[in-house]
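One structure below.
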Amino acid sequence: MERAADFLLVIPAHREHLRLPPFLGELTRALSKAPFTTEVRVVDDGSPEGEWQALRKAMEALRREAGGSCRLAEPLRHPQRRGKGAAILTGWRLSPAAYWVAFIDADGAIPASEAVRLLGLALAGDVGTPALFAVRAGTVRRRAGRRAAALLFAAAVRLLFGRLSPAGDTQCGFKIVPATFWTRLDPLLRERGFCFDVELYLACRRLALPMKEVSIAWAEQSGRFSPFHAAPWVLADLLKLRGRWRRGSITRRPVLIS
């Protein structure tokens with residue numbers, strides 16, 4: 001029987017047939033040399049058929065090249081778009097044997113070397129076994145408009161959730177969660193879209209699970225996402241999330257390791 005990987009790393013993707021393959025190649029090559037094992041699973045979230053087939057073809061070549069301590073799994077697909085959170089949950093729920101579950105954004109904004117570094121920090125356990133939330137507080141390169149949108153989003157989260165709101169950057173696309181936490185978090189996670197990261201943080205708070213924020217290098221990548229165009233539906237998702245969590249009682253506070 002094949003030994004379970006140390007990490008299951010899910011990459012949620014929508015229309016990423018151009019950006020993802022180069023990043024995925026860098027990531028799997030870096031992970032293949034790591035002192036831990038990783039299963040990487042791409043979950044395509046409702047891309048058009050032609051783009052999905054292009055991504056799948058590119059991944060076939062990468063899967064043949066993958067080796068060492070990294071396994072690139074067969075990609076999964078949602079026939080219709082369901083959201084970033086839904087793609088992450090699909091990947092996490094199909095591979096329950098890993099010791100840690102994680103996700104990373106498909107755009108390559110987080111360098112492969114940084115991904116390996118943070119996975120190594122999680123496995124080292126020098127601060128116990130917290131969930132690790134990457135924050136864009138290291139070397140960060142992004143346009144002024146994107147920076148302003150991030151500040152507005154963070155302000156909205158603080159306004160809506162008050163003392164429950166995350167202390168730092170919720171939307172940096174890299175989170176690592178011990179599998180023992182994941183089995184307890186899964187029933188609480190209902191957000192399927194962009195605000196999945198916020199709900200993951202809130203769920204950790206409800207269960208008083210230890211968390212650690214880790215600074216990471218990050219560089220904005222060109223793409224179709226427009227934060228200001230997306231603002232209305234992101235705000236609507238935040239309001240619905242606030243309604244769900246205010247109806248529940250969040251009484252226990254987490255151990256936030258500095």
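Simple scheme: letters A, B, ... for chains in structure tokens order, numbers from 1 for residues in each chain, numbers from 1 for ligands in the order shown.
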
Between stretch 9-60 of chain A and stretch 116-135 of chain A, at 8 Å or less, what are the per-residue closest atom pairs and their distances in Å? Count only C-alpha atoms, order by chain and rising residue number, and return it as a Markdown table.
| residue | atom | partner | partner_atom | distance |
| --- | --- | --- | --- | --- |
| A:Ala30 | CA | A:Val116 | CA | 7.1 |
| A:Leu31 | CA | A:Val116 | CA | 6.4 |
| A:Ala34 | CA | A:Val116 | CA | 7.1 |
| A:Phe36 | CA | A:Gly120 | CA | 7.7 |

How about saving the chosen residues, N, CA and C atoms kept, as a compact mmCIF listing (two decimals), in the first residue's frame?
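Result file is again.txt:
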# COMPACT_ATOMS: atom_id res chain seq x y z
N ALA A 30 10.42 21.79 -7.45
CA ALA A 30 10.92 22.17 -6.12
C ALA A 30 10.48 21.17 -5.06
N LEU A 31 9.24 20.72 -5.14
CA LEU A 31 8.73 19.78 -4.15
C LEU A 31 9.37 18.40 -4.28
N ALA A 34 12.22 18.14 -1.92
CA ALA A 34 11.96 18.49 -0.53
C ALA A 34 12.12 17.27 0.38
N PHE A 36 10.19 16.08 2.45
CA PHE A 36 8.87 15.59 2.84
C PHE A 36 8.12 15.25 1.56

Could you go through stretch 38-225 of chain A and tell me which residues DSSP, when run on the backbone, assigns to alpha helix (DSSP H), listing them as a ChimeraX atom specification? /A:49-65,84-94,112-124,144-161,179-185,196-206

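Nearest residue to A:Thr90 among A:Leu62, A:Ala73, A:Val10, A:Leu185 is A:Val10, counting only C-alpha atoms.
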
Do you know which residues are at most 9 Å from A:Leu20 counting only C-alpha atoms, after dropping those on the same chain fewer than 2 positions away, and could you put them as a ChimeraX atom specification? /A:13,16-18,22-25,55,106-108

Once you have the residues from the selection above, write them out as a compact mmCIF listing (two decimals), in the first residue's frame, restricted to N, CA and C atoms.
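Contents of again.txt, freshly written:
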# COMPACT_ATOMS: atom_id res chain seq x y z
N ALA A 13 -8.39 26.22 -9.60
CA ALA A 13 -8.06 26.90 -10.85
C ALA A 13 -9.32 27.18 -11.66
N GLU A 16 -7.13 28.82 -16.02
CA GLU A 16 -5.70 28.99 -15.73
C GLU A 16 -4.83 28.12 -16.64
N HIS A 17 -5.29 27.81 -17.85
CA HIS A 17 -4.53 26.91 -18.74
C HIS A 17 -3.23 27.54 -19.23
N LEU A 18 -3.11 28.88 -19.14
CA LEU A 18 -1.88 29.54 -19.57
C LEU A 18 -0.91 29.78 -18.41
N PRO A 22 3.27 26.63 -16.24
CA PRO A 22 4.64 27.01 -15.87
C PRO A 22 4.87 27.02 -14.37
N PHE A 23 3.91 27.57 -13.62
CA PHE A 23 4.05 27.58 -12.16
C PHE A 23 4.02 26.17 -11.60
N LEU A 24 3.15 25.34 -12.13
CA LEU A 24 3.03 23.97 -11.65
C LEU A 24 4.33 23.20 -11.90
N GLY A 25 4.97 23.44 -13.02
CA GLY A 25 6.25 22.80 -13.30
C GLY A 25 7.31 23.20 -12.28
N LEU A 55 -5.41 22.60 -20.38
CA LEU A 55 -4.77 22.43 -19.07
C LEU A 55 -4.46 20.96 -18.82
N ALA A 106 -3.35 29.49 -8.01
CA ALA A 106 -2.81 28.99 -9.27
C ALA A 106 -1.99 30.00 -10.05
N ASP A 107 -2.01 31.29 -9.64
CA ASP A 107 -1.41 32.33 -10.48
C ASP A 107 0.10 32.42 -10.36
N GLY A 108 0.71 31.73 -9.41
CA GLY A 108 2.16 31.80 -9.26
C GLY A 108 2.65 33.03 -8.53

Can you tell me, as a PyMOL selection string, what residues are no more than 8 Å from A:Thr37 when counting only C-alpha atoms, ignoring any on the same chain fewer than 5 positions away? chain A and resi 5-7+31-32+69-71
